[in-house]
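Chemist: For reference, this is structure_4.txt, and it has compact mmCIF, C-alpha atoms.
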# COMPACT_ATOMS: atom_id res chain seq x y z
CA MET A 1 16.56 -25.33 10.70
CA LYS A 2 12.98 -26.24 11.50
CA TYR A 3 12.31 -22.62 12.42
CA TYR A 4 13.48 -21.40 9.03
CA ILE A 5 11.41 -23.92 7.10
CA LEU A 6 8.34 -23.00 9.12
CA THR A 7 9.00 -19.31 8.48
CA ILE A 8 9.04 -19.94 4.74
CA ILE A 9 5.89 -22.08 4.73
CA SER A 10 4.13 -19.56 6.92
CA ALA A 11 5.05 -16.58 4.74
CA VAL A 12 4.28 -18.28 1.44
CA PHE A 13 1.04 -20.07 2.27
CA VAL A 14 -0.44 -19.20 5.64
CA ASN A 15 0.24 -15.51 6.18
CA ASN A 16 0.82 -14.59 2.56
CA ILE A 17 2.04 -11.02 2.48
CA VAL A 18 -0.29 -10.00 -0.35
CA LEU A 19 -3.40 -12.02 0.28
CA SER A 20 -3.65 -11.90 4.05
CA ARG A 21 -1.44 -9.02 5.15
CA PHE A 22 -2.43 -6.70 2.29
CA LEU A 23 1.01 -5.37 1.51
CA GLY A 24 2.09 -4.74 -2.06
CA ILE A 25 -1.39 -4.57 -3.54
CA CYS A 26 -0.39 -1.86 -6.03
CA PRO A 27 2.18 -3.96 -7.92
CA PHE A 28 -0.07 -6.98 -7.37
CA LEU A 29 -2.78 -5.27 -9.43
CA GLY A 30 -0.45 -3.25 -11.62
CA VAL A 31 1.99 -5.76 -13.10
CA SER A 32 -0.10 -8.92 -12.99
CA ASN A 33 -1.40 -8.59 -16.54
CA LYS A 34 1.28 -10.81 -17.99
CA THR A 35 3.20 -13.68 -16.46
CA SER A 36 6.49 -12.36 -17.84
CA SER A 37 6.17 -8.97 -16.13
CA ALA A 38 5.02 -10.69 -12.94
CA LEU A 39 8.20 -12.76 -13.05
CA GLY A 40 10.37 -9.66 -13.53
CA MET A 41 8.72 -7.83 -10.67
CA SER A 42 9.04 -10.82 -8.36
CA GLY A 43 12.75 -11.11 -9.11
CA GLY A 44 13.28 -7.43 -8.37
CA VAL A 45 11.36 -7.66 -5.11
CA LEU A 46 13.26 -10.74 -3.96
CA PHE A 47 16.56 -9.00 -4.62
CA VAL A 48 15.74 -5.63 -3.10
CA MET A 49 13.78 -6.98 -0.14
CA THR A 50 16.59 -9.24 1.04
CA LEU A 51 19.17 -6.50 0.64
CA SER A 52 17.12 -3.71 2.20
CA THR A 53 15.98 -5.78 5.17
CA THR A 54 19.58 -6.69 5.93
CA VAL A 55 20.81 -3.11 5.65
CA THR A 56 17.94 -1.52 7.58
CA PHE A 57 18.30 -4.13 10.31
CA LEU A 58 21.99 -3.34 10.72
CA VAL A 59 21.41 0.41 10.63
CA ASN A 60 18.68 0.13 13.23
CA GLN A 61 20.73 -2.13 15.47
CA TYR A 62 24.08 -0.36 15.32
CA ILE A 63 23.27 3.28 14.53
CA LEU A 64 19.74 4.30 15.46
CA LEU A 65 19.23 2.39 18.70
CA PRO A 66 22.60 3.17 20.37
CA LEU A 67 22.11 6.86 19.56
CA GLY A 68 18.50 6.87 20.79
CA LEU A 69 17.18 7.92 17.41
CA GLY A 70 14.36 5.37 17.17
CA PHE A 71 11.90 8.05 16.11
CA LEU A 72 13.83 8.56 12.88
CA GLN A 73 13.15 4.95 11.84
CA THR A 74 10.56 5.66 9.17
CA VAL A 75 12.54 8.50 7.57
CA MET A 76 15.79 6.56 7.68
CA TYR A 77 14.31 3.38 6.27
CA ILE A 78 12.63 4.93 3.29
CA LEU A 79 15.80 6.85 2.41
CA ILE A 80 17.90 3.69 2.70
CA ILE A 81 15.46 1.80 0.48
CA ALA A 82 15.37 4.59 -2.11
CA ALA A 83 19.16 4.80 -2.14
CA LEU A 84 19.56 1.02 -2.34
CA VAL A 85 17.20 0.77 -5.28
CA GLN A 86 19.23 3.44 -7.09
CA ILE A 87 22.50 1.66 -6.35
CA VAL A 88 21.13 -1.70 -7.42
CA GLU A 89 19.95 -0.13 -10.65
CA ILE A 90 23.34 1.43 -11.39
CA VAL A 91 25.32 -1.70 -10.47
CA LEU A 92 23.02 -3.97 -12.41
CA LYS A 93 23.31 -1.78 -15.49
CA LYS A 94 27.12 -2.12 -15.42
CA VAL A 95 27.51 -5.70 -14.24
CA SER A 96 24.68 -7.57 -15.82
CA PRO A 97 22.92 -5.79 -18.68
CA ALA A 98 20.79 -8.86 -19.33
CA LEU A 99 19.39 -8.89 -15.82
CA TYR A 100 18.97 -5.11 -16.02
CA GLN A 101 16.92 -5.56 -19.16
CA ALA A 102 14.67 -7.99 -17.34
CA LEU A 103 14.29 -6.10 -14.06
CA GLY A 104 15.08 -2.52 -15.10
CA VAL A 105 11.56 -1.18 -15.51
CA TYR A 106 10.40 -2.61 -12.22
CA LEU A 107 13.22 -1.35 -10.03
CA PRO A 108 12.06 2.29 -9.62
CA LEU A 109 8.56 1.02 -8.83
CA ILE A 110 9.94 -1.06 -5.98
CA THR A 111 10.83 2.03 -3.91
CA THR A 112 7.16 2.69 -3.29
CA ASN A 113 6.29 -0.98 -2.95
CA CYS A 114 5.01 -1.21 0.58
CA THR A 115 6.15 -4.81 1.02
CA ILE A 116 9.76 -3.63 1.23
CA LEU A 117 9.24 -1.01 3.93
CA GLY A 118 6.62 -3.26 5.54
CA VAL A 119 8.95 -6.22 5.95
CA ALA A 120 11.78 -3.98 7.17
CA LEU A 121 9.45 -2.62 9.86
CA LEU A 122 7.89 -6.00 10.68
CA VAL A 123 11.20 -7.68 11.52
CA ILE A 124 11.95 -4.91 14.01
CA GLN A 125 8.44 -5.10 15.43
CA ASP A 126 8.65 -8.87 15.88
CA GLY A 127 12.11 -8.60 17.43
CA LEU A 128 13.83 -11.04 15.06
CA GLY A 129 17.59 -11.56 14.93
CA LEU A 130 19.74 -10.95 11.85
CA SER A 131 19.64 -14.41 10.27
CA GLN A 132 15.94 -14.75 11.12
CA SER A 133 15.26 -11.38 9.50
CA ILE A 134 17.02 -12.36 6.29
CA VAL A 135 15.09 -15.62 6.06
CA TYR A 136 11.89 -13.73 6.83
CA ALA A 137 12.61 -11.29 3.98
CA VAL A 138 13.38 -14.07 1.51
CA ALA A 139 10.28 -16.00 2.60
CA ASN A 140 8.02 -12.99 2.18
CA ALA A 141 9.49 -12.18 -1.21
CA LEU A 142 8.76 -15.77 -2.25
CA GLY A 143 5.22 -15.38 -0.94
CA PHE A 144 4.83 -12.21 -2.97
CA ALA A 145 6.18 -13.94 -6.07
CA PHE A 146 3.89 -16.92 -5.55
CA ALA A 147 0.75 -14.78 -5.23
CA LEU A 148 1.76 -12.57 -8.16
CA LEU A 149 2.48 -15.49 -10.49
CA LEU A 150 -0.74 -17.32 -9.62
CA PHE A 151 -2.72 -14.15 -10.10
CA SER A 152 -1.10 -13.25 -13.42
CA GLY A 153 -1.95 -16.72 -14.71
CA ILE A 154 -5.58 -16.18 -13.78
CA ARG A 155 -5.65 -12.71 -15.31
CA GLU A 156 -4.24 -13.89 -18.61
CA ARG A 157 -7.18 -16.24 -18.89
CA MET A 158 -9.61 -13.57 -17.78
CA GLU A 159 -8.72 -11.43 -20.79
CA LEU A 160 -10.66 -13.84 -22.93
CA SER A 161 -13.79 -14.05 -20.83
CA ASP A 162 -16.92 -11.98 -21.12
CA ILE A 163 -17.12 -9.65 -18.11
CA PRO A 164 -19.91 -7.12 -17.40
CA GLN A 165 -18.74 -3.69 -18.51
CA GLU A 166 -18.78 -2.02 -15.08
CA LEU A 167 -16.62 -4.77 -13.59
CA ARG A 168 -13.95 -4.78 -16.27
CA GLY A 169 -10.37 -4.04 -15.24
CA VAL A 170 -9.65 -3.39 -11.58
CA PRO A 171 -12.99 -4.43 -10.02
CA ILE A 172 -12.95 -7.95 -11.44
CA ALA A 173 -9.27 -8.25 -10.56
CA LEU A 174 -10.05 -7.40 -6.95
CA ILE A 175 -12.94 -9.83 -6.78
CA THR A 176 -10.70 -12.54 -8.22
CA ALA A 177 -8.05 -11.67 -5.65
CA GLY A 178 -10.73 -12.07 -3.00
CA LEU A 179 -11.51 -15.57 -4.22
CA LEU A 180 -7.80 -16.39 -4.36
CA SER A 181 -7.41 -15.12 -0.82
CA MET A 182 -10.35 -17.29 0.21
CA ALA A 183 -8.55 -20.29 -1.25
CA PHE A 184 -5.45 -19.38 0.74
CA MET A 185 -7.54 -19.31 3.91
CA GLY A 186 -7.60 -23.09 3.59
CA PHE A 187 -4.00 -23.03 4.79
CA ALA A 188 -4.88 -21.14 7.97
CA GLY A 189 -3.76 -22.89 11.13
CA MET A 190 -1.19 -25.01 9.32
CA VAL A 191 1.69 -23.26 11.08
CA LYS A 192 1.21 -21.98 14.66
CA MET B 193 -15.00 28.38 -8.56
CA SER B 194 -11.74 26.74 -9.52
CA HIS B 195 -10.77 26.57 -5.84
CA LEU B 196 -13.97 24.70 -5.19
CA ALA B 197 -13.21 22.40 -8.11
CA ASN B 198 -9.71 21.72 -6.74
CA PHE B 199 -11.29 20.68 -3.48
CA SER B 200 -14.30 18.75 -4.68
CA LYS B 201 -12.73 16.72 -7.48
CA GLY B 202 -11.16 14.43 -4.89
CA LEU B 203 -14.50 13.46 -3.41
CA LEU B 204 -15.95 11.44 -6.26
CA LYS B 205 -14.80 12.41 -9.74
CA GLU B 206 -11.13 11.75 -9.02
CA ASN B 207 -11.54 9.85 -5.79
CA PRO B 208 -8.04 8.54 -5.04
CA LEU B 209 -9.16 5.09 -3.96
CA LEU B 210 -12.22 4.39 -6.07
CA VAL B 211 -11.28 6.06 -9.36
CA LEU B 212 -7.51 6.46 -9.40
CA VAL B 213 -7.09 3.16 -7.48
CA LEU B 214 -4.21 4.46 -5.35
CA GLY B 215 -3.55 3.58 -1.74
CA THR B 216 -5.18 0.19 -1.94
CA CYS B 217 -2.96 -1.53 0.65
CA PRO B 218 -4.12 0.36 3.77
CA SER B 219 -7.67 0.52 2.50
CA LEU B 220 -7.90 -3.25 2.29
CA ALA B 221 -6.08 -3.93 5.51
CA ILE B 222 -7.64 -1.62 8.05
CA THR B 223 -11.25 -1.26 6.94
CA SER B 224 -12.56 -4.12 9.06
CA SER B 225 -14.46 -1.48 11.00
CA ALA B 226 -15.71 2.03 10.21
CA VAL B 227 -13.73 3.61 13.07
CA ASN B 228 -10.44 2.24 11.77
CA GLY B 229 -11.24 3.48 8.26
CA LEU B 230 -12.02 6.94 9.59
CA GLY B 231 -8.84 7.08 11.69
CA MET B 232 -6.61 5.95 8.84
CA GLY B 233 -8.29 8.37 6.44
CA LEU B 234 -7.81 11.33 8.76
CA ALA B 235 -4.16 10.45 9.41
CA ALA B 236 -3.53 10.28 5.66
CA THR B 237 -5.45 13.54 5.13
CA PHE B 238 -3.23 15.33 7.64
CA VAL B 239 -0.07 14.09 5.93
CA LEU B 240 -1.48 14.90 2.50
CA ILE B 241 -2.39 18.51 3.38
CA CYS B 242 0.93 19.19 5.13
CA SER B 243 3.13 17.57 2.51
CA ASN B 244 1.25 19.22 -0.37
CA GLY B 245 1.63 22.58 1.36
CA VAL B 246 5.34 22.21 2.07
CA ILE B 247 6.17 20.79 -1.34
CA SER B 248 4.35 23.54 -3.20
CA CYS B 249 6.38 26.08 -1.16
CA ILE B 250 9.77 24.52 -1.78
CA LYS B 251 9.20 23.24 -5.32
CA ASP B 252 11.37 25.95 -6.87
CA LEU B 253 14.31 25.20 -4.57
CA ILE B 254 14.55 21.48 -5.35
CA PRO B 255 16.65 20.41 -8.32
CA ASP B 256 14.53 18.40 -10.70
CA LYS B 257 16.68 15.26 -10.55
CA VAL B 258 16.43 14.69 -6.82
CA ARG B 259 12.84 15.78 -6.39
CA ILE B 260 11.40 12.35 -5.59
CA PRO B 261 13.78 11.66 -2.66
CA CYS B 262 13.08 15.19 -1.39
CA TYR B 263 9.33 14.64 -1.55
CA ILE B 264 9.66 11.31 0.22
CA THR B 265 11.71 12.88 3.01
CA VAL B 266 9.10 15.61 3.54
CA ILE B 267 6.35 13.02 3.57
CA ALA B 268 8.26 10.72 5.92
CA ALA B 269 8.77 13.59 8.37
CA PHE B 270 5.02 14.26 8.56
CA VAL B 271 4.26 10.56 8.81
CA SER B 272 6.60 10.29 11.79
CA ILE B 273 4.78 13.24 13.40
CA VAL B 274 1.41 11.54 12.91
CA ASP B 275 2.82 8.24 14.16
CA LEU B 276 4.14 9.76 17.39
CA LEU B 277 1.04 11.94 17.92
CA MET B 278 -1.28 8.98 17.51
CA ALA B 279 0.81 6.80 19.81
CA ALA B 280 0.50 9.49 22.49
CA THR B 281 -3.16 10.46 22.11
CA LEU B 282 -4.97 7.46 20.60
CA PRO B 283 -2.96 4.42 21.72
CA ASP B 284 -5.75 1.92 20.94
CA LEU B 285 -6.30 3.10 17.39
CA HIS B 286 -2.54 3.35 16.90
CA LYS B 287 -2.20 -0.28 17.93
CA THR B 288 -4.96 -1.46 15.59
CA LEU B 289 -3.59 0.43 12.60
CA GLY B 290 -0.10 -0.75 13.57
CA ILE B 291 2.35 -0.96 10.73
CA PHE B 292 0.03 0.85 8.34
CA ILE B 293 0.75 4.22 9.97
CA PRO B 294 4.47 4.25 9.02
CA LEU B 295 3.44 2.78 5.68
CA ILE B 296 1.58 6.01 4.81
CA VAL B 297 5.04 7.05 3.56
CA VAL B 298 4.77 4.71 0.61
CA ASN B 299 1.09 5.36 0.05
CA CYS B 300 0.96 6.19 -3.63
CA ILE B 301 -1.74 8.83 -3.10
CA ILE B 302 0.58 11.14 -1.19
CA LEU B 303 3.56 10.93 -3.51
CA GLY B 304 1.21 10.95 -6.49
CA ARG B 305 -0.44 14.23 -5.45
CA ALA B 306 2.95 15.77 -4.63
CA GLU B 307 4.25 14.93 -8.08
CA ALA B 308 1.08 15.55 -10.07
CA PHE B 309 -0.32 18.59 -8.30
CA ALA B 310 1.72 20.26 -5.57
CA ALA B 311 4.87 20.45 -7.70
CA ARG B 312 3.00 22.47 -10.33
CA ASN B 313 0.67 24.69 -8.34
CA SER B 314 0.89 27.43 -5.72
CA LEU B 315 0.17 27.03 -2.03
CA LEU B 316 -3.59 27.52 -1.76
CA PRO B 317 -4.68 25.20 -4.59
CA SER B 318 -2.22 22.59 -3.27
CA LEU B 319 -3.68 22.73 0.21
CA LEU B 320 -7.21 22.45 -1.18
CA ASP B 321 -6.20 19.58 -3.42
CA GLY B 322 -4.65 17.81 -0.43
CA ALA B 323 -7.75 18.37 1.68
CA GLY B 324 -10.10 17.21 -1.06
CA MET B 325 -8.09 14.13 -1.91
CA GLY B 326 -7.64 13.32 1.77
CA LEU B 327 -11.34 13.63 2.49
CA GLY B 328 -12.20 11.57 -0.58
CA PHE B 329 -9.86 8.87 0.71
CA THR B 330 -11.38 9.14 4.20
CA LEU B 331 -14.88 8.92 2.73
CA ALA B 332 -14.02 5.83 0.69
CA LEU B 333 -12.34 4.15 3.67
CA SER B 334 -15.22 4.93 6.00
CA VAL B 335 -17.82 3.64 3.55
CA MET B 336 -15.82 0.47 3.09
CA GLY B 337 -15.33 0.06 6.83
CA PHE B 338 -19.04 0.68 7.35
CA ILE B 339 -20.07 -1.97 4.80
CA ARG B 340 -17.60 -4.57 6.06
CA GLU B 341 -18.43 -3.97 9.72
CA PHE B 342 -22.17 -4.05 9.04
CA LEU B 343 -22.15 -7.19 6.92
CA GLY B 344 -19.47 -8.99 8.87
CA ASN B 345 -20.42 -8.12 12.40
CA GLY B 346 -23.90 -6.58 12.27
CA ALA B 347 -22.53 -3.42 13.86
CA VAL B 348 -21.93 0.22 12.96
CA PHE B 349 -19.09 2.18 14.62
CA GLY B 350 -18.88 -0.54 17.25
CA HIS B 351 -22.60 -0.51 18.12
CA LYS B 352 -24.17 -3.87 17.47
CA PHE B 353 -27.54 -3.73 15.71
CA ILE B 354 -28.05 -7.27 14.60
CA PRO B 355 -27.44 -9.98 17.16
CA GLY B 356 -25.38 -13.01 16.26
CA ASP B 357 -22.39 -13.52 13.99
CA GLY B 358 -22.89 -11.82 10.64
CA ILE B 359 -21.18 -12.90 7.43
CA LEU B 360 -17.75 -13.53 8.86
CA ILE B 361 -16.01 -13.51 5.48
CA PHE B 362 -16.46 -9.72 5.17
CA ILE B 363 -14.30 -9.07 8.21
CA LEU B 364 -11.60 -11.41 6.89
CA ALA B 365 -9.21 -10.80 4.01
CA PRO B 366 -11.33 -12.05 1.07
CA GLY B 367 -14.22 -9.75 2.03
CA ALA B 368 -11.91 -6.74 1.75
CA PHE B 369 -10.95 -7.53 -1.85
CA ILE B 370 -14.50 -8.29 -2.91
CA CYS B 371 -15.96 -5.23 -1.17
CA LEU B 372 -13.42 -2.89 -2.78
CA GLY B 373 -14.04 -4.49 -6.18
CA PHE B 374 -17.75 -3.77 -6.01
CA LEU B 375 -17.21 -0.25 -4.64
CA ILE B 376 -14.95 0.60 -7.59
CA ALA B 377 -17.55 -0.79 -9.97
CA LEU B 378 -20.16 1.39 -8.26
CA ALA B 379 -17.96 4.48 -8.58
CA ASN B 380 -17.53 3.66 -12.29
CA ILE B 381 -21.30 3.54 -12.74
CA LEU B 382 -21.85 6.79 -10.82
CA ASN B 383 -19.14 8.66 -12.70
CA ARG B 384 -20.39 7.40 -16.03
CA ALA B 385 -23.92 8.46 -15.18
CA SER B 386 -22.86 11.99 -14.19
CA ALA B 387 -20.61 12.30 -17.25
CA GLY B 388 -23.55 11.30 -19.44
CA LYS B 389 -25.71 13.92 -17.79
CA GLY B 390 -23.03 16.57 -18.36
CA ARG B 391 -22.97 15.92 -22.08
CA ALA B 392 -26.73 15.94 -22.55
Using the file provided, produce a representation of the structure as structure tokens.
Modeler:
Amino acid sequence: MKYYILTIISAVFVNNIVLSRFLGICPFLGVSNKTSSALGMSGGVLFVMTLSTTVTFLVNQYILLPLGLGFLQTVMYILIIAALVQIVEIVLKKVSPALYQALGVYLPLITTNCTILGVALLVIQDGLGLSQSIVYAVANALGFAFALLLFSGIRERMELSDIPQELRGVPIALITAGLLSMAFMGFAGMVK
Amino acid sequence: MSHLANFSKGLLKENPLLVLVLGTCPSLAITSSAVNGLGMGLAATFVLICSNGVISCIKDLIPDKVRIPCYITVIAAFVSIVDLLMAATLPDLHKTLGIFIPLIVVNCIILGRAEAFAARNSLLPSLLDGAGMGLGFTLALSVMGFIREFLGNGAVFGHKFIPGDGILIFILAPGAFICLGFLIALANILNRASAGKGRA
């Protein structure tokens, strides 16, 4: 139990997937304009990341490794993720139109969100077991959501401030992210 | 002339990282030194040229509805080739770049060029577009690696010029964000200046 709690704290605060591992920067900059879209994206990522990490872990363990097809990992993973996103989209549309309304636009974007493939590859690299992998995926999705929500709050306020013309848009967002990441460095050393 | 334009637009005017703001994840993560930036850039360039070439050849065979999965499969195949090649020939660099080599698959630049350019143009312009975009990406990564390594460590390509510690923050995560922010602002200024000159 202690291991799982530490994993979550580590992924959310100490080794935040966006601010210290630099995965998922595109959605981090792209959908952080409004808190509502940040929330939708985070929900989608949490859902897909947990599912895809579980499936890719099982495929790797029971299909690729026994057959000696480790070199197909990258190709396999990205296809699984793309297929899963499609399936989730179709199922969600039928089962829960309300949720589909909320997450729908973000789902296709998630295929090329590098956090998903990144986490799927990281759990293999770190040699985690199945339950550890699932917790790791959930923890990282929470970390992503946390960074995204914080950042969208800051950006909503930034709309109103007077920024030099050359820095408007992406540059000031990146500089702000840098400062946010600096704040997160305060957590360094808390776990491990 | 237009061939030249296909090639050169990637360098500054449509630089994938600094103007289109694509492929930000690897560029933030691995530019802590100029060598890493160069290596990552060249790996991405290789994938970009090959995938652009293949996709422009097979674009008429792929049904429109499944084109994205097809593109991703082509890209993933070339990424695996680069991954294995680098592991065999440049083990140190491969280890430093680590997970970001397989992640070239989801680098938006590659899929973006496949969708926006290679799927609509013939082989030669696609190859040139891939090469130009790739080199523009490499250039941006190397410049960023150079700045971060110089400010953070007082070194260039691993050779130390200034003794002592440097501004450590530039090697760490926050420096990456801030450095990229200012580089994009600089590219904005340069592009605006050249656009102004063109009109006058």
Chemist: Just how far from atom CA of Thr50 of chain A is atom CA of Val85 of chain A, in Å to one decimal?
Modeler: 11.9 Å
Chemist: Find, counting only C-alpha atoms, the residue in A:Val48, A:Val95, A:Met76, A:Leu174 that gets nearest to chain B.
Modeler: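 The closest residue to chain B is A:Leu174.
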Chemist: Could you list, as a short mmCIF file (atom, residue, chain, number, x, y, z; two decimals) with C-alpha atoms, in the coordinates of the input, every residue within 8 Å of segment 78-80 of chain A, counting all atoms listed in the file and ignoring same-chain residues fewer than 4 positions away?
Modeler:
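Printed below is result-v7.cif as written:
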data_model
loop_
_atom_site.label_atom_id
_atom_site.label_comp_id
_atom_site.auth_asym_id
_atom_site.auth_seq_id
_atom_site.Cartn_x
_atom_site.Cartn_y
_atom_site.Cartn_z
CA SER A 52 17.12 -3.71 2.20
CA VAL A 55 20.81 -3.11 5.65
CA THR A 56 17.94 -1.52 7.58
CA THR A 74 10.56 5.66 9.17
CA LEU A 84 19.56 1.02 -2.34
CA THR A 111 10.83 2.03 -3.91
CA LEU A 117 9.24 -1.01 3.93
CA PRO B 261 13.78 11.66 -2.66
CA ILE B 264 9.66 11.31 0.22
CA THR B 265 11.71 12.88 3.01
CA ALA B 268 8.26 10.72 5.92
CA VAL B 297 5.04 7.05 3.56
#
Chemist: Could you tell me how far atom CA of Gly337 of chain B sits from atom CA of Leu204 of chain B, in Å to one decimal place?
Modeler: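 Atom CA of Leu204 of chain B sits 17.4 Å away from atom CA of Gly337 of chain B.
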Chemist: Find the distance between atom CA of Leu320 of chain B and atom CA of Ser200 of chain B and write it in Å to one decimal.
Modeler: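 A separation of 8.7 Å between them.
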Chemist: Hey, which of B:Ile301, B:Val239, B:Gly215, B:Ile260 ends up closest to Gln86 of chain A? Count only C-alpha atoms.
Modeler: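 Smallest distance to Gln86 of chain A is found for B:Ile260.
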Chemist: Taking only residues of chain A that have an atom at most 8 Å from an atom of chain B, what is each one's shortest atom pair and its distance in Å to one decimal, using all atoms listed in the file, in chain and number order, as a tab-separated table?
Modeler:
residue	atom	partner	partner_atom	distance
A:Leu19	CA	B:Ala365	CA	7.0
A:Ser20	CA	B:Ala365	CA	5.7
A:Arg21	CA	B:Ala221	CA	6.9
A:Phe22	CA	B:Cys217	CA	5.4
A:Leu23	CA	B:Cys217	CA	5.6
A:Gly24	CA	B:Cys217	CA	6.6
A:Ile25	CA	B:Cys217	CA	5.4
A:Cys26	CA	B:Thr216	CA	6.6
A:Phe71	CA	B:Ser272	CA	7.2
A:Leu72	CA	B:Ser272	CA	7.5
A:Thr74	CA	B:Pro294	CA	6.3
A:Val75	CA	B:Ala268	CA	5.1
A:Ile78	CA	B:Ile264	CA	7.7
A:Leu79	CA	B:Pro261	CA	7.3
A:Ala82	CA	B:Pro261	CA	7.3
A:Thr112	CA	B:Val298	CA	5.0
A:Asn113	CA	B:Val298	CA	6.9
A:Cys114	CA	B:Val298	CA	5.9
A:Leu117	CA	B:Leu295	CA	7.1
A:Gly118	CA	B:Leu295	CA	6.8
A:Leu121	CA	B:Ile291	CA	7.3
A:Leu122	CA	B:Ile291	CA	7.5
A:Glu166	CA	B:Ala377	CA	5.4
A:Leu167	CA	B:Ala377	CA	5.5
A:Val170	CA	B:Gly373	CA	7.0
A:Pro171	CA	B:Gly373	CA	4.0
A:Ile172	CA	B:Gly373	CA	6.4
A:Ala173	CA	B:Gly373	CA	7.5
A:Leu174	CA	B:Gly373	CA	5.0
A:Ile175	CA	B:Ile370	CA	4.4
A:Thr176	CA	B:Ile370	CA	7.8
A:Ala177	CA	B:Phe369	CA	6.3
A:Gly178	CA	B:Pro366	CA	4.1
A:Leu179	CA	B:Pro366	CA	6.4
A:Leu180	CA	B:Pro366	CA	7.8
A:Ser181	CA	B:Pro366	CA	5.3
A:Met182	CA	B:Pro366	CA	5.4
Chemist: Would you mind telling me which residue in A:Ile63, A:Leu160, A:Val123, A:Leu103 lies nearest to Ala38 of chain A when using all atoms listed in the file?
Modeler: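 Ranking A:Ile63, A:Leu160, A:Val123, A:Leu103 by distance to Ala38 of chain A, first place goes to A:Leu103.
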Chemist: So, with all atoms listed in the file as the atoms that count, which of B:Leu209, B:Val348, B:Ala197, B:Ile254 lies closest to Gly324 of chain B?
Modeler: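 Distance minimum relative to Gly324 of chain B lands on B:Ala197.
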Chemist: Do a neighbour search on segment 138-152 of chain A at 7 Å with all atoms listed in the file, toss out local chain neighbours closer than 3 positions, and write the hits as a list in words.
Modeler: Thr7, Ile8, Ala11, Val12, Asn16, Ile17, Val18, Phe28, Ser32, Asn33, Lys34, Thr35, Ala38, Leu39, Ser42, Val45, Leu46, Met49, Thr50, Ile134, Val135, Arg155 and Glu156 of chain A
Chemist: Can you work out which one of B:Ala332, B:Leu319, B:Ala311, B:Leu360 has the shortest atom-to-atom distance to Pro255 of chain B, counting all atoms listed in the file?
Modeler: B:Ala311
Chemist: If you count all atoms listed in the file, which residues fall within 12 Å of Arg312 of chain B, apart from same-chain ones fewer than 5 positions away, as an NGL selection string?
Modeler: :B and (244-245 or 247-252 or 305-307 or 317-318 or 321)
Chemist: Using all atoms listed in the file, which of the listed residues (A:Val14, A:Ile81, A:Ala102, A:Val31) sits closest to Val59 of chain A?
Modeler: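 Of A:Val14, A:Ile81, A:Ala102, A:Val31, the one nearest Val59 of chain A, counting all atoms listed in the file, is A:Ile81.
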Chemist: Could you list as a ChimeraX atom specification every residue that has an atom within 10 Å of (19.2, -3.2, 16.9), using the file's coordinates and counting all atoms listed in the file?
Modeler: /A:56-66,70,124,127-130
Chemist: Can you list, as a list in words, every protein, DNA or RNA residue that comes within 12 Å of Phe338 of chain B when you count all atoms listed in the file, leaving out same-chain residues fewer than 6 positions away?
Modeler: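 Close residues of Phe338 of chain B: Ile222, Thr223, Ser224, Ser225, Ala226, Val227, Asn228, Gly229, Leu230, Thr330, Leu331, Ala332, Gly344, Asn345, Gly346, Ala347, Val348, Phe349, Gly350, His351, Phe362, Ile363, Ala368 and Cys371 of chain B.
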Chemist: Limited to C-alpha atoms, could you put the picked residues into a file as a compact mmCIF listing (two decimals), in the frame of the given file?
Modeler:
# COMPACT_ATOMS: atom_id res chain seq x y z
CA ILE B 222 -7.64 -1.62 8.05
CA THR B 223 -11.25 -1.26 6.94
CA SER B 224 -12.56 -4.12 9.06
CA SER B 225 -14.46 -1.48 11.00
CA ALA B 226 -15.71 2.03 10.21
CA VAL B 227 -13.73 3.61 13.07
CA ASN B 228 -10.44 2.24 11.77
CA GLY B 229 -11.24 3.48 8.26
CA LEU B 230 -12.02 6.94 9.59
CA THR B 330 -11.38 9.14 4.20
CA LEU B 331 -14.88 8.92 2.73
CA ALA B 332 -14.02 5.83 0.69
CA GLY B 344 -19.47 -8.99 8.87
CA ASN B 345 -20.42 -8.12 12.40
CA GLY B 346 -23.90 -6.58 12.27
CA ALA B 347 -22.53 -3.42 13.86
CA VAL B 348 -21.93 0.22 12.96
CA PHE B 349 -19.09 2.18 14.62
CA GLY B 350 -18.88 -0.54 17.25
CA HIS B 351 -22.60 -0.51 18.12
CA PHE B 362 -16.46 -9.72 5.17
CA ILE B 363 -14.30 -9.07 8.21
CA ALA B 368 -11.91 -6.74 1.75
CA CYS B 371 -15.96 -5.23 -1.17
Chemist: Have segment 115-119 of chain A completed to N, CA and C atoms, please, and pass it along as a PDB file, keeping the file's coordinate frame.
Modeler:
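This is the output file result-v7.pdb:
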ATOM      1  N   THR A 115       5.630  -3.589   0.413  1.00  0.00           N
ATOM      2  CA  THR A 115       6.150  -4.810   1.020  1.00  0.00           C
ATOM      3  C   THR A 115       7.556  -4.593   1.559  1.00  0.00           C
ATOM      4  N   ILE A 116       8.356  -3.788   0.839  1.00  0.00           N
ATOM      5  CA  ILE A 116       9.760  -3.630   1.230  1.00  0.00           C
ATOM      6  C   ILE A 116       9.854  -2.931   2.575  1.00  0.00           C
ATOM      7  N   LEU A 117       9.221  -1.743   2.669  1.00  0.00           N
ATOM      8  CA  LEU A 117       9.240  -1.010   3.930  1.00  0.00           C
ATOM      9  C   LEU A 117       8.500  -1.825   4.995  1.00  0.00           C
ATOM     10  N   GLY A 118       7.415  -2.476   4.595  1.00  0.00           N
ATOM     11  CA  GLY A 118       6.620  -3.260   5.540  1.00  0.00           C
ATOM     12  C   GLY A 118       7.435  -4.351   6.198  1.00  0.00           C
ATOM     13  N   VAL A 119       8.155  -5.124   5.384  1.00  0.00           N
ATOM     14  CA  VAL A 119       8.950  -6.220   5.950  1.00  0.00           C
ATOM     15  C   VAL A 119      10.071  -5.673   6.820  1.00  0.00           C
TER      16      VAL A 119
END
